[in-house]
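K.L.:
Structure provided below as structure tokens; questions to follow.
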Amino acid sequence: MNNSSLLTVGIIGCVFVILNVIFLAIIIFTQRKMAAVQGWSSAMGTVLASYLERRSSSDGSTNYPVVQYSYQVGGQSYQGAKIAPGMEVGGTGAGKVVNRYPQGAQVMVFYDPNNPSDAVLEKKAPAQWLMWLLLVIFDVMLCGMAVAFGFAF
């Protein structure tokens, strides 16, 4: 294997390792947030608005659910828009989320008792399996590169 190929394989390997670390950090952060949310207090709230928002990116556009709600804790009014802990997820399931929370509906809001302005409507993070799948794919690719690299020498 010449130096150019070796450098290319090394760079690709480093990129996979960095992406692997990023995905693992996101998974750990989301799981910690989900664990914390399990102990949060709850209050009844009202859905103020519920709609799909189309967002464009370099690879097309995707629908994201937007649910705005109000709730009270200790006589203080709050408003929130976070649906679940973790990253915001859009796509094919966005319409189902919006349908679960129609405008004017009464909903259970889970809030951080130490910071009542931090609230969610759902205790589970969506698409956590996708992050694990991506992590496994990157790990398999890294292993494949290591085996291919080993056979090259």
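Following the order of the structure tokens, first chain is A, next is B, and so on, with residues numbered from 1 inside each chain and ligands from 1 in the order they appear.
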Need to verify the contact set: stretch 25-40 of chain A, 6 Å, only C-alpha atoms, exclusion of same-chain residues closer than 6 positions in sequence. Can you return it as a PDB file with C-alpha atoms, in the first residue's frame?
P.N.:
```
ATOM      1  CA  GLY A  86     -33.193  14.647  23.409  1.00  0.00           C
ATOM      2  CA  PHE A 110     -43.678  17.012  32.836  1.00  0.00           C
ATOM      3  CA  TYR A 111     -41.425  19.732  34.273  1.00  0.00           C
ATOM      4  CA  ASP A 112     -38.169  19.943  36.169  1.00  0.00           C
TER       5      ASP A 112
END
```
K.L.:
Pick from A:Ser61, A:Phe16, A:Tyr71, A:Leu7: nearest to A:Gly144, with only C-alpha atoms counted?
P.N.:
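Comparing A:Ser61, A:Phe16, A:Tyr71, A:Leu7 against A:Gly144, the winner is A:Phe16.
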K.L.:
So, counting only C-alpha atoms, which residue among A:Met141, A:Val147, A:Thr92, A:Gly75 is closest to A:Val15?
P.N.:
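With only C-alpha atoms as the atom set, the closest residue is A:Met141.
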K.L.:
Just list the residues in stretch 4-149 of chain A DSSP gives helix (DSSP H, G or I) on the backbone, as a PyMOL selection string.
P.N.:
chain A and resi 4-37+94-100+128-149
K.L.:
Find the residues around A:Thr62 up to 10 Å (only C-alpha atoms counted), leave out those fewer than 4 positions away in its own chain, and share them as a list in words.
P.N.:
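Those residues are Leu52, Glu53, Arg54, Arg55, Ser56, Ser57, Val89, Gly90, Gly91, Thr92 and Ala94 of chain A.
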K.L.:
How far is it from atom CA of A:Val98 to atom CA of A:Val67, in Å with one decimal?
P.N.:
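Pair atom CA of A:Val98 / atom CA of A:Val67 returns 6.9 Å.
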